[in-house]
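Worksheet for the structure shown next.
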Amino acid sequence: MSEHVIIESYDKIVLAKITKERLLEPVVIGPLGAALLKEVDRHARIALVLDLSEVEYMASAFIGQLVALHKAVGVAKGRLALCGLKPSILPLIKVMNLDKIFVIYPEAQAAINLFKRQAP
Amino acid sequence: MTTQLVFRQDPPPALDSVWWARNWPSRLDRKLEAIEEVQNTLIARGQVAEDDLHWLMLCLDEAVTNAMLHGNEGDHTVPIAIQVGTSDGRWVVVVSDQGDGFLPEAIPDCENPDNLLLEHGRGIRLMLEWLDQLIYFHGGSTVWFARHPPQDRPPCPST
(Lines give C-alpha, C1' and ligand atoms only; values in the text may rest on other atoms or scores of the structure.)
Protein backbone atom coordinates (compact mmCIF):
# COMPACT_ATOMS: atom_id res chain seq x y z
CA MET A 1 0.00 0.00 0.00
CA SER A 2 1.22 3.50 -0.75
CA GLU A 3 0.44 6.63 1.21
CA HIS A 4 1.03 8.69 -1.92
CA VAL A 5 -2.09 7.77 -3.86
CA ILE A 6 -5.80 8.29 -3.20
CA ILE A 7 -7.95 5.70 -4.92
CA GLU A 8 -11.68 6.09 -5.46
CA SER A 9 -13.95 3.73 -7.36
CA TYR A 10 -17.31 4.64 -8.79
CA ASP A 11 -19.41 3.62 -11.76
CA LYS A 12 -16.86 0.90 -12.57
CA ILE A 13 -14.19 3.55 -13.01
CA VAL A 14 -11.16 3.73 -10.74
CA LEU A 15 -9.65 7.17 -10.17
CA ALA A 16 -6.14 7.10 -8.72
CA LYS A 17 -4.76 10.50 -7.76
CA ILE A 18 -1.08 10.65 -6.95
CA THR A 19 -0.44 13.10 -4.14
CA LYS A 20 3.36 13.22 -4.15
CA GLU A 21 5.09 16.10 -5.92
CA ARG A 22 8.39 14.28 -6.43
CA LEU A 23 8.41 10.72 -7.74
CA LEU A 24 12.13 10.18 -7.35
CA GLU A 25 12.80 7.87 -4.42
CA PRO A 26 12.62 4.08 -4.72
CA VAL A 27 10.74 3.91 -1.41
CA VAL A 28 8.03 6.02 -3.03
CA ILE A 29 8.08 4.64 -6.57
CA GLY A 30 8.08 0.92 -5.68
CA PRO A 31 5.04 0.89 -3.35
CA LEU A 32 3.18 3.32 -5.60
CA GLY A 33 3.64 1.10 -8.64
CA ALA A 34 2.63 -1.96 -6.60
CA ALA A 35 -0.51 -0.22 -5.33
CA LEU A 36 -1.59 0.66 -8.86
CA LEU A 37 -0.94 -2.86 -10.15
CA LYS A 38 -2.97 -4.22 -7.26
CA GLU A 39 -5.95 -2.15 -8.42
CA VAL A 40 -5.63 -3.72 -11.86
CA ASP A 41 -5.85 -7.14 -10.20
CA ARG A 42 -8.81 -6.15 -8.01
CA HIS A 43 -11.09 -4.85 -10.77
CA ALA A 44 -12.10 -6.94 -13.77
CA ARG A 45 -11.39 -5.04 -17.00
CA ILE A 46 -10.46 -1.96 -15.05
CA ALA A 47 -11.08 1.56 -16.38
CA LEU A 48 -8.25 3.35 -14.60
CA VAL A 49 -7.85 7.11 -14.61
CA LEU A 50 -4.44 8.09 -13.25
CA ASP A 51 -4.38 11.70 -12.11
CA LEU A 52 -0.81 13.06 -12.14
CA SER A 53 -1.72 16.72 -11.65
CA GLU A 54 0.22 16.95 -8.36
CA VAL A 55 3.42 15.50 -9.83
CA GLU A 56 6.15 18.00 -10.66
CA TYR A 57 9.21 15.73 -10.83
CA MET A 58 9.39 12.19 -12.15
CA ALA A 59 12.35 9.80 -12.36
CA SER A 60 12.70 7.46 -15.30
CA ALA A 61 12.03 4.61 -12.86
CA PHE A 62 8.45 5.81 -12.50
CA ILE A 63 8.07 6.01 -16.27
CA GLY A 64 8.98 2.31 -16.20
CA GLN A 65 6.21 1.77 -13.66
CA LEU A 66 3.75 3.51 -15.99
CA VAL A 67 4.77 1.18 -18.80
CA ALA A 68 4.31 -1.83 -16.50
CA LEU A 69 0.87 -0.50 -15.58
CA HIS A 70 -0.04 -0.02 -19.25
CA LYS A 71 0.96 -3.62 -19.98
CA ALA A 72 -0.96 -5.02 -16.98
CA VAL A 73 -4.10 -3.09 -17.97
CA GLY A 74 -3.73 -4.41 -21.51
CA VAL A 75 -3.48 -8.02 -20.31
CA ALA A 76 -6.58 -7.43 -18.17
CA LYS A 77 -8.37 -6.02 -21.25
CA GLY A 78 -8.94 -2.81 -19.32
CA ARG A 79 -8.39 0.85 -20.10
CA LEU A 80 -5.93 3.38 -18.74
CA ALA A 81 -5.81 7.16 -19.10
CA LEU A 82 -3.13 9.52 -17.79
CA CYS A 83 -4.38 12.95 -16.78
CA GLY A 84 -3.13 16.30 -15.58
CA LEU A 85 0.43 15.98 -16.82
CA LYS A 86 2.30 19.17 -15.96
CA PRO A 87 4.57 20.94 -18.46
CA SER A 88 7.50 19.41 -16.60
CA ILE A 89 6.22 15.86 -17.14
CA LEU A 90 4.64 15.76 -20.59
CA PRO A 91 7.95 16.28 -22.48
CA LEU A 92 9.42 13.21 -20.75
CA ILE A 93 6.55 11.10 -22.05
CA LYS A 94 6.86 12.56 -25.55
CA VAL A 95 10.65 12.17 -25.75
CA MET A 96 10.21 8.48 -25.04
CA ASN A 97 7.44 8.24 -27.68
CA LEU A 98 5.12 6.98 -24.98
CA ASP A 99 2.43 9.46 -26.04
CA LYS A 100 1.84 6.94 -28.84
CA ILE A 101 0.73 4.26 -26.40
CA PHE A 102 -0.74 6.20 -23.48
CA VAL A 103 -4.16 7.81 -23.66
CA ILE A 104 -3.57 11.29 -22.23
CA TYR A 105 -6.16 13.83 -21.11
CA PRO A 106 -5.66 17.32 -19.69
CA GLU A 107 -7.97 16.63 -16.75
CA ALA A 108 -9.25 13.55 -14.94
CA GLN A 109 -12.90 14.50 -15.47
CA ALA A 110 -12.48 14.37 -19.25
CA ALA A 111 -11.17 10.80 -19.04
CA ILE A 112 -13.92 9.79 -16.61
CA ASN A 113 -16.55 11.15 -18.98
CA LEU A 114 -15.02 9.26 -21.88
CA PHE A 115 -14.86 6.00 -19.95
CA LYS A 116 -18.49 6.45 -18.89
CA ARG A 117 -19.56 6.93 -22.50
CA GLN A 118 -17.54 3.91 -23.57
CA ALA A 119 -18.69 1.66 -20.73
CA PRO A 120 -18.74 -1.96 -21.91
CA MET B 1 19.27 17.71 -32.35
CA THR B 2 19.70 15.34 -29.44
CA THR B 3 23.09 15.20 -27.72
CA GLN B 4 25.10 12.06 -28.40
CA LEU B 5 26.34 9.84 -25.59
CA VAL B 6 30.14 9.50 -25.40
CA PHE B 7 31.76 6.53 -23.66
CA ARG B 8 35.47 6.55 -22.77
CA GLN B 9 37.93 4.50 -20.77
CA ASP B 10 40.18 7.36 -19.66
CA PRO B 11 39.66 9.55 -16.58
CA PRO B 12 37.74 12.82 -16.88
CA PRO B 13 39.60 16.11 -17.34
CA ALA B 14 39.93 18.41 -14.36
CA LEU B 15 37.31 21.12 -14.08
CA ASP B 16 38.35 24.74 -14.71
CA SER B 17 36.90 25.64 -11.34
CA VAL B 18 35.14 23.63 -8.64
CA TRP B 19 32.16 25.19 -6.87
CA TRP B 20 31.14 22.25 -4.70
CA ALA B 21 32.59 18.81 -4.08
CA ARG B 22 31.60 16.11 -1.62
CA ASN B 23 31.77 12.41 -1.01
CA TRP B 24 28.35 11.03 -0.25
CA PRO B 25 27.30 7.66 1.22
CA SER B 26 25.52 5.33 -1.19
CA ARG B 27 22.23 5.70 0.64
CA LEU B 28 19.20 6.16 -1.57
CA ASP B 29 17.29 7.54 1.41
CA ARG B 30 19.75 10.44 1.46
CA LYS B 31 20.19 11.02 -2.25
CA LEU B 32 17.73 13.92 -2.37
CA GLU B 33 19.91 15.84 0.10
CA ALA B 34 22.85 15.53 -2.28
CA ILE B 35 20.73 16.42 -5.29
CA GLU B 36 19.34 19.51 -3.58
CA GLU B 37 22.82 20.69 -2.60
CA VAL B 38 24.00 20.44 -6.20
CA GLN B 39 20.82 22.05 -7.47
CA ASN B 40 21.10 24.93 -4.99
CA THR B 41 24.73 25.49 -5.99
CA LEU B 42 23.77 25.86 -9.64
CA ILE B 43 20.70 28.00 -8.92
CA ALA B 44 22.68 30.35 -6.68
CA ARG B 45 25.10 30.94 -9.56
CA GLY B 46 22.34 31.53 -12.10
CA GLN B 47 23.31 28.48 -14.13
CA VAL B 48 19.87 26.97 -14.67
CA ALA B 49 16.63 28.63 -15.78
CA GLU B 50 13.70 28.12 -13.43
CA ASP B 51 11.70 26.46 -16.20
CA ASP B 52 14.43 23.85 -16.53
CA LEU B 53 14.67 22.79 -12.88
CA HIS B 54 12.75 19.57 -13.53
CA TRP B 55 15.31 18.60 -16.19
CA LEU B 56 18.18 19.32 -13.80
CA MET B 57 16.48 17.29 -11.08
CA LEU B 58 15.95 14.40 -13.48
CA CYS B 59 19.61 14.39 -14.64
CA LEU B 60 20.95 14.58 -11.10
CA ASP B 61 18.60 11.88 -9.92
CA GLU B 62 19.58 9.52 -12.73
CA ALA B 63 23.31 10.09 -12.20
CA VAL B 64 23.24 9.77 -8.42
CA THR B 65 20.85 6.83 -8.36
CA ASN B 66 22.85 4.90 -10.95
CA ALA B 67 26.12 5.54 -9.09
CA MET B 68 24.69 4.45 -5.72
CA LEU B 69 22.54 1.57 -6.89
CA HIS B 70 24.44 0.07 -9.82
CA GLY B 71 27.99 1.39 -9.40
CA ASN B 72 28.35 0.90 -5.65
CA GLU B 73 25.62 -1.77 -5.49
CA GLY B 74 23.86 0.11 -2.71
CA ASP B 75 26.72 -0.48 -0.25
CA HIS B 76 26.26 2.28 2.36
CA THR B 77 29.94 2.09 3.30
CA VAL B 78 31.11 2.96 -0.21
CA PRO B 79 30.70 6.63 -1.10
CA ILE B 80 30.09 8.27 -4.41
CA ALA B 81 32.00 11.46 -5.27
CA ILE B 82 30.17 14.49 -6.63
CA GLN B 83 31.75 17.60 -8.12
CA VAL B 84 30.09 20.72 -9.49
CA GLY B 85 32.02 23.35 -11.40
CA THR B 86 32.81 24.72 -14.83
CA SER B 87 34.57 23.63 -17.99
CA ASP B 88 34.78 25.69 -21.20
CA GLY B 89 32.14 28.11 -20.00
CA ARG B 90 29.57 25.49 -19.14
CA TRP B 91 28.45 24.20 -15.78
CA VAL B 92 29.48 20.61 -15.19
CA VAL B 93 28.46 17.89 -12.74
CA VAL B 94 30.71 14.87 -12.26
CA VAL B 95 29.49 11.80 -10.33
CA SER B 96 31.89 8.93 -9.70
CA ASP B 97 31.24 5.54 -8.16
CA GLN B 98 33.67 2.79 -7.22
CA GLY B 99 32.23 0.07 -9.42
CA ASP B 100 33.63 -1.53 -12.55
CA GLY B 101 31.60 0.54 -14.98
CA PHE B 102 29.40 -1.04 -17.61
CA LEU B 103 29.28 -1.91 -21.26
CA PRO B 104 27.63 0.74 -23.44
CA GLU B 105 25.94 -2.07 -25.36
CA ALA B 106 23.93 -2.75 -22.20
CA ILE B 107 22.05 0.53 -22.65
CA PRO B 108 18.78 -0.14 -24.48
CA ASP B 109 18.26 1.74 -27.73
CA CYS B 110 15.23 3.82 -26.86
CA GLU B 111 14.79 4.86 -30.51
CA ASN B 112 14.07 1.24 -31.44
CA PRO B 113 10.27 0.77 -31.52
CA ASP B 114 10.77 -2.79 -30.25
CA ASN B 115 12.00 -1.28 -26.97
CA LEU B 116 9.01 1.01 -26.49
CA LEU B 117 7.54 -1.17 -23.76
CA LEU B 118 10.73 -1.81 -21.81
CA GLU B 119 10.30 -1.01 -18.13
CA HIS B 120 13.85 0.30 -17.63
CA GLY B 121 16.74 1.95 -19.46
CA ARG B 122 15.24 5.37 -20.24
CA GLY B 123 17.35 7.51 -17.90
CA ILE B 124 20.29 8.20 -20.21
CA ARG B 125 18.02 8.96 -23.17
CA LEU B 126 16.14 11.53 -21.09
CA MET B 127 19.40 13.13 -19.90
CA LEU B 128 20.59 13.45 -23.51
CA GLU B 129 17.45 15.37 -24.38
CA TRP B 130 18.41 18.32 -22.17
CA LEU B 131 22.17 18.24 -21.68
CA ASP B 132 24.76 19.69 -24.06
CA GLN B 133 27.25 16.97 -23.20
CA LEU B 134 27.01 13.57 -21.51
CA ILE B 135 30.20 11.54 -21.20
CA TYR B 136 30.91 8.35 -19.31
CA PHE B 137 34.58 8.10 -18.29
CA HIS B 138 36.48 5.28 -16.59
CA GLY B 139 34.51 2.70 -18.53
CA GLY B 140 31.25 3.99 -17.09
CA SER B 141 32.06 4.54 -13.41
CA THR B 142 32.23 8.33 -13.80
CA VAL B 143 29.46 10.31 -15.44
CA TRP B 144 30.28 13.86 -16.59
CA PHE B 145 27.54 16.10 -17.83
CA ALA B 146 27.44 19.71 -18.91
CA ARG B 147 25.18 22.44 -20.20
CA HIS B 148 25.61 26.08 -21.11
CA PRO B 149 24.00 28.50 -18.63
CA PRO B 150 20.86 30.27 -19.93
CA GLN B 151 22.60 33.54 -20.78
CA ASP B 152 25.23 31.76 -22.90
CA ARG B 153 23.02 29.35 -24.73
CA PRO B 154 23.20 29.60 -28.51
CA PRO B 155 19.98 30.85 -30.04
CA CYS B 156 17.57 28.21 -31.23
CA PRO B 157 17.66 27.77 -34.99
CA SER B 158 14.78 29.58 -36.64
CA THR B 159 12.04 27.34 -37.91
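Following the order of the C-alpha coordinates, chains are lettered A, B, ..., residues in each are numbered from 1, and ligands are numbered from 1.
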Leaving out Met68 in chain B and any residue of its chain fewer than 3 positions from it, which residues lie within 9 Å of it when counting only C-alpha atoms, given as a PDB file with N, CA and C atoms, in the first residue's frame?
```pdb
ATOM      1  N   PRO B  25      27.547   9.101   1.057  1.00  0.00           N
ATOM      2  CA  PRO B  25      27.299   7.661   1.217  1.00  0.00           C
ATOM      3  C   PRO B  25      26.276   7.159   0.204  1.00  0.00           C
ATOM      4  N   SER B  26      26.437   5.919  -0.189  1.00  0.00           N
ATOM      5  CA  SER B  26      25.516   5.334  -1.187  1.00  0.00           C
ATOM      6  C   SER B  26      24.208   4.939  -0.506  1.00  0.00           C
ATOM      7  N   ARG B  27      23.515   5.940  -0.048  1.00  0.00           N
ATOM      8  CA  ARG B  27      22.230   5.704   0.636  1.00  0.00           C
ATOM      9  C   ARG B  27      21.130   6.402  -0.156  1.00  0.00           C
ATOM     10  N   LEU B  28      20.260   5.586  -0.753  1.00  0.00           N
ATOM     11  CA  LEU B  28      19.196   6.162  -1.569  1.00  0.00           C
ATOM     12  C   LEU B  28      18.259   7.032  -0.734  1.00  0.00           C
ATOM     13  N   LYS B  31      19.746  10.479  -0.957  1.00  0.00           N
ATOM     14  CA  LYS B  31      20.193  11.019  -2.253  1.00  0.00           C
ATOM     15  C   LYS B  31      19.586  12.381  -2.540  1.00  0.00           C
ATOM     16  N   ALA B  63      21.872  10.295 -12.417  1.00  0.00           N
ATOM     17  CA  ALA B  63      23.310  10.093 -12.201  1.00  0.00           C
ATOM     18  C   ALA B  63      23.598   9.570 -10.799  1.00  0.00           C
ATOM     19  N   VAL B  64      22.973  10.171  -9.809  1.00  0.00           N
ATOM     20  CA  VAL B  64      23.244   9.775  -8.419  1.00  0.00           C
ATOM     21  C   VAL B  64      22.661   8.388  -8.127  1.00  0.00           C
ATOM     22  N   THR B  65      21.457   8.147  -8.591  1.00  0.00           N
ATOM     23  CA  THR B  65      20.845   6.832  -8.360  1.00  0.00           C
ATOM     24  C   THR B  65      21.667   5.724  -9.008  1.00  0.00           C
ATOM     25  N   GLY B  71      26.532   1.300  -9.558  1.00  0.00           N
ATOM     26  CA  GLY B  71      27.989   1.387  -9.404  1.00  0.00           C
ATOM     27  C   GLY B  71      28.465   0.827  -8.082  1.00  0.00           C
ATOM     28  N   ASN B  72      27.925   1.330  -6.989  1.00  0.00           N
ATOM     29  CA  ASN B  72      28.351   0.900  -5.652  1.00  0.00           C
ATOM     30  C   ASN B  72      27.442  -0.175  -5.065  1.00  0.00           C
ATOM     31  N   GLU B  73      26.531  -0.673  -5.866  1.00  0.00           N
ATOM     32  CA  GLU B  73      25.623  -1.770  -5.493  1.00  0.00           C
ATOM     33  C   GLU B  73      24.916  -1.504  -4.168  1.00  0.00           C
ATOM     34  N   GLY B  74      24.624  -0.241  -3.910  1.00  0.00           N
ATOM     35  CA  GLY B  74      23.863   0.107  -2.706  1.00  0.00           C
ATOM     36  C   GLY B  74      24.606  -0.080  -1.403  1.00  0.00           C
ATOM     37  N   ASP B  75      25.919  -0.283  -1.466  1.00  0.00           N
ATOM     38  CA  ASP B  75      26.715  -0.478  -0.245  1.00  0.00           C
ATOM     39  C   ASP B  75      26.882   0.867   0.470  1.00  0.00           C
ATOM     40  N   HIS B  76      26.249   1.003   1.627  1.00  0.00           N
ATOM     41  CA  HIS B  76      26.261   2.277   2.357  1.00  0.00           C
ATOM     42  C   HIS B  76      27.671   2.711   2.755  1.00  0.00           C
ATOM     43  N   VAL B  78      30.313   2.517   0.941  1.00  0.00           N
ATOM     44  CA  VAL B  78      31.106   2.959  -0.213  1.00  0.00           C
ATOM     45  C   VAL B  78      30.520   4.275  -0.727  1.00  0.00           C
ATOM     46  N   PRO B  79      31.277   5.346  -0.669  1.00  0.00           N
ATOM     47  CA  PRO B  79      30.704   6.635  -1.098  1.00  0.00           C
ATOM     48  C   PRO B  79      30.780   6.835  -2.610  1.00  0.00           C
ATOM     49  N   ILE B  80      29.921   7.712  -3.078  1.00  0.00           N
ATOM     50  CA  ILE B  80      30.085   8.269  -4.414  1.00  0.00           C
ATOM     51  C   ILE B  80      30.750   9.638  -4.245  1.00  0.00           C
ATOM     52  N   ASP B  97      31.440   6.636  -9.105  1.00  0.00           N
ATOM     53  CA  ASP B  97      31.241   5.541  -8.161  1.00  0.00           C
ATOM     54  C   ASP B  97      32.498   4.680  -8.145  1.00  0.00           C
TER      55      ASP B  97
END
```
Within 6 Å of chain A: residues of chain B, using only C-alpha atoms, as a PyMOL selection string: chain B and resi 54+58+119-120+122-123
Chain A: which residues are strand (DSSP E or B) by DSSP, as a ChimeraX atom specification? /A:5-10,13-18,22-23,47-51,57-58,79-83,103-105
Export of prior selection with N, CA, C and O atoms as a JSON list (two decimals), in the first residue's frame:
```json
[["chain", "number", "residue", "atom", "x", "y", "z"],
["A", 5, "VAL", "N", -1.04, 7.83, -2.84],
["A", 5, "VAL", "CA", -2.09, 7.77, -3.86],
["A", 5, "VAL", "C", -3.44, 7.65, -3.17],
["A", 5, "VAL", "O", -3.58, 6.94, -2.17],
["A", 6, "ILE", "N", -4.42, 8.39, -3.68],
["A", 6, "ILE", "CA", -5.80, 8.29, -3.20],
["A", 6, "ILE", "C", -6.60, 7.60, -4.29],
["A", 6, "ILE", "O", -6.61, 8.06, -5.44],
["A", 7, "ILE", "N", -7.22, 6.49, -3.93],
["A", 7, "ILE", "CA", -7.95, 5.70, -4.92],
["A", 7, "ILE", "C", -9.43, 5.72, -4.61],
["A", 7, "ILE", "O", -9.84, 5.42, -3.48],
["A", 8, "GLU", "N", -10.22, 6.08, -5.59],
["A", 8, "GLU", "CA", -11.68, 6.09, -5.46],
["A", 8, "GLU", "C", -12.26, 5.29, -6.61],
["A", 8, "GLU", "O", -11.79, 5.39, -7.74],
["A", 9, "SER", "N", -13.29, 4.52, -6.31],
["A", 9, "SER", "CA", -13.95, 3.73, -7.36],
["A", 9, "SER", "C", -15.41, 4.12, -7.42],
["A", 9, "SER", "O", -16.06, 4.21, -6.38],
["A", 10, "TYR", "N", -15.88, 4.40, -8.63],
["A", 10, "TYR", "CA", -17.31, 4.64, -8.79],
["A", 10, "TYR", "C", -17.69, 4.42, -10.24],
["A", 10, "TYR", "O", -16.91, 4.68, -11.15],
["A", 13, "ILE", "N", -15.40, 2.81, -12.63],
["A", 13, "ILE", "CA", -14.19, 3.55, -13.01],
["A", 13, "ILE", "C", -13.36, 3.76, -11.75],
["A", 13, "ILE", "O", -13.89, 4.10, -10.70],
["A", 14, "VAL", "N", -12.07, 3.53, -11.87],
["A", 14, "VAL", "CA", -11.16, 3.73, -10.74],
["A", 14, "VAL", "C", -10.35, 4.99, -11.01],
["A", 14, "VAL", "O", -9.67, 5.09, -12.04],
["A", 15, "LEU", "N", -10.44, 5.93, -10.08],
["A", 15, "LEU", "CA", -9.65, 7.17, -10.17],
["A", 15, "LEU", "C", -8.54, 7.08, -9.14],
["A", 15, "LEU", "O", -8.80, 6.95, -7.95],
["A", 16, "ALA", "N", -7.30, 7.13, -9.62],
["A", 16, "ALA", "CA", -6.14, 7.10, -8.72],
["A", 16, "ALA", "C", -5.41, 8.43, -8.84],
["A", 16, "ALA", "O", -4.90, 8.77, -9.91],
["A", 17, "LYS", "N", -5.41, 9.18, -7.75],
["A", 17, "LYS", "CA", -4.76, 10.50, -7.76],
["A", 17, "LYS", "C", -3.47, 10.42, -6.96],
["A", 17, "LYS", "O", -3.49, 10.12, -5.76],
["A", 18, "ILE", "N", -2.38, 10.68, -7.63],
["A", 18, "ILE", "CA", -1.08, 10.65, -6.95],
["A", 18, "ILE", "C", -0.88, 11.98, -6.23],
["A", 18, "ILE", "O", -1.07, 13.05, -6.82],
["A", 22, "ARG", "N", 7.15, 14.81, -5.87],
["A", 22, "ARG", "CA", 8.39, 14.28, -6.43],
["A", 22, "ARG", "C", 8.35, 12.75, -6.46],
["A", 22, "ARG", "O", 8.34, 12.13, -5.40],
["A", 23, "LEU", "N", 8.35, 12.18, -7.63],
["A", 23, "LEU", "CA", 8.41, 10.72, -7.74],
["A", 23, "LEU", "C", 9.84, 10.36, -8.11],
["A", 23, "LEU", "O", 10.16, 10.10, -9.28],
["A", 47, "ALA", "N", -11.18, 0.27, -15.67],
["A", 47, "ALA", "CA", -11.08, 1.56, -16.38],
["A", 47, "ALA", "C", -10.37, 2.49, -15.40],
["A", 47, "ALA", "O", -10.98, 3.00, -14.46],
["A", 48, "LEU", "N", -9.09, 2.65, -15.59],
["A", 48, "LEU", "CA", -8.25, 3.35, -14.60],
["A", 48, "LEU", "C", -7.87, 4.74, -15.10],
["A", 48, "LEU", "O", -7.29, 4.90, -16.18],
["A", 49, "VAL", "N", -8.22, 5.73, -14.32],
["A", 49, "VAL", "CA", -7.85, 7.11, -14.61],
["A", 49, "VAL", "C", -6.76, 7.50, -13.60],
["A", 49, "VAL", "O", -7.00, 7.53, -12.40],
["A", 50, "LEU", "N", -5.57, 7.77, -14.12],
["A", 50, "LEU", "CA", -4.44, 8.09, -13.25],
["A", 50, "LEU", "C", -4.20, 9.59, -13.30],
["A", 50, "LEU", "O", -3.77, 10.13, -14.33],
["A", 51, "ASP", "N", -4.48, 10.24, -12.19],
["A", 51, "ASP", "CA", -4.38, 11.70, -12.11],
["A", 51, "ASP", "C", -2.98, 12.08, -11.60],
["A", 51, "ASP", "O", -2.63, 11.81, -10.45],
["A", 57, "TYR", "N", 7.95, 16.37, -10.45],
["A", 57, "TYR", "CA", 9.21, 15.73, -10.83],
["A", 57, "TYR", "C", 8.99, 14.22, -10.92],
["A", 57, "TYR", "O", 8.38, 13.63, -10.04],
["A", 58, "MET", "N", 9.57, 13.62, -11.95],
["A", 58, "MET", "CA", 9.39, 12.19, -12.15],
["A", 58, "MET", "C", 10.69, 11.56, -12.62],
["A", 58, "MET", "O", 11.27, 12.00, -13.62],
["A", 79, "ARG", "N", -8.74, -0.43, -19.47],
["A", 79, "ARG", "CA", -8.39, 0.85, -20.10],
["A", 79, "ARG", "C", -7.65, 1.72, -19.10],
["A", 79, "ARG", "O", -7.94, 1.67, -17.90],
["A", 80, "LEU", "N", -6.72, 2.51, -19.61],
["A", 80, "LEU", "CA", -5.93, 3.38, -18.74],
["A", 80, "LEU", "C", -5.83, 4.76, -19.39],
["A", 80, "LEU", "O", -5.58, 4.86, -20.60],
["A", 81, "ALA", "N", -6.02, 5.79, -18.61],
["A", 81, "ALA", "CA", -5.81, 7.16, -19.10],
["A", 81, "ALA", "C", -4.92, 7.90, -18.10],
["A", 81, "ALA", "O", -5.10, 7.77, -16.89],
["A", 82, "LEU", "N", -3.96, 8.64, -18.63],
["A", 82, "LEU", "CA", -3.13, 9.52, -17.79],
["A", 82, "LEU", "C", -3.69, 10.93, -17.90],
["A", 82, "LEU", "O", -4.02, 11.39, -19.01],
["A", 83, "CYS", "N", -3.75, 11.62, -16.78],
["A", 83, "CYS", "CA", -4.38, 12.95, -16.78],
["A", 83, "CYS", "C", -3.55, 13.95, -15.99],
["A", 83, "CYS", "O", -2.82, 13.58, -15.07],
["A", 103, "VAL", "N", -3.04, 6.88, -23.43],
["A", 103, "VAL", "CA", -4.16, 7.81, -23.66],
["A", 103, "VAL", "C", -4.00, 8.92, -22.63],
["A", 103, "VAL", "O", -3.95, 8.67, -21.43],
["A", 104, "ILE", "N", -3.89, 10.17, -23.11],
["A", 104, "ILE", "CA", -3.57, 11.29, -22.23],
["A", 104, "ILE", "C", -4.68, 12.34, -22.32],
["A", 104, "ILE", "O", -5.08, 12.73, -23.44],
["A", 105, "TYR", "N", -5.14, 12.78, -21.18],
["A", 105, "TYR", "CA", -6.16, 13.83, -21.11],
["A", 105, "TYR", "C", -5.66, 14.97, -20.21],
["A", 105, "TYR", "O", -4.93, 14.73, -19.25]]
```
Residues flagged helix (DSSP H, G or I) by DSSP in range 11-97 of chain B, as JSON, numbers by chain: {"B": [28, 29, 30, 31, 32, 33, 34, 35, 36, 37, 38, 39, 40, 41, 42, 43, 44, 50, 51, 52, 53, 54, 55, 56, 57, 58, 59, 60, 61, 62, 63, 64, 65, 66, 67, 68, 69, 70, 71]}
How many Å separate CA of Arg147 in chain B from CA of Leu131 in chain B? 5.4 Å
Ser2 in chain A surroundings by only C-alpha atoms, 10 Å radius, close-in-sequence under 5 positions cut, as a PyMOL selection string: chain A and resi 18+27-36
One decimal, in Å: what's the spacing between CA of Lys116 in chain A and CA of Asp11 in chain A?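 For CA of Lys116 in chain A relative to CA of Asp11 in chain A, the distance reads 7.7 Å.
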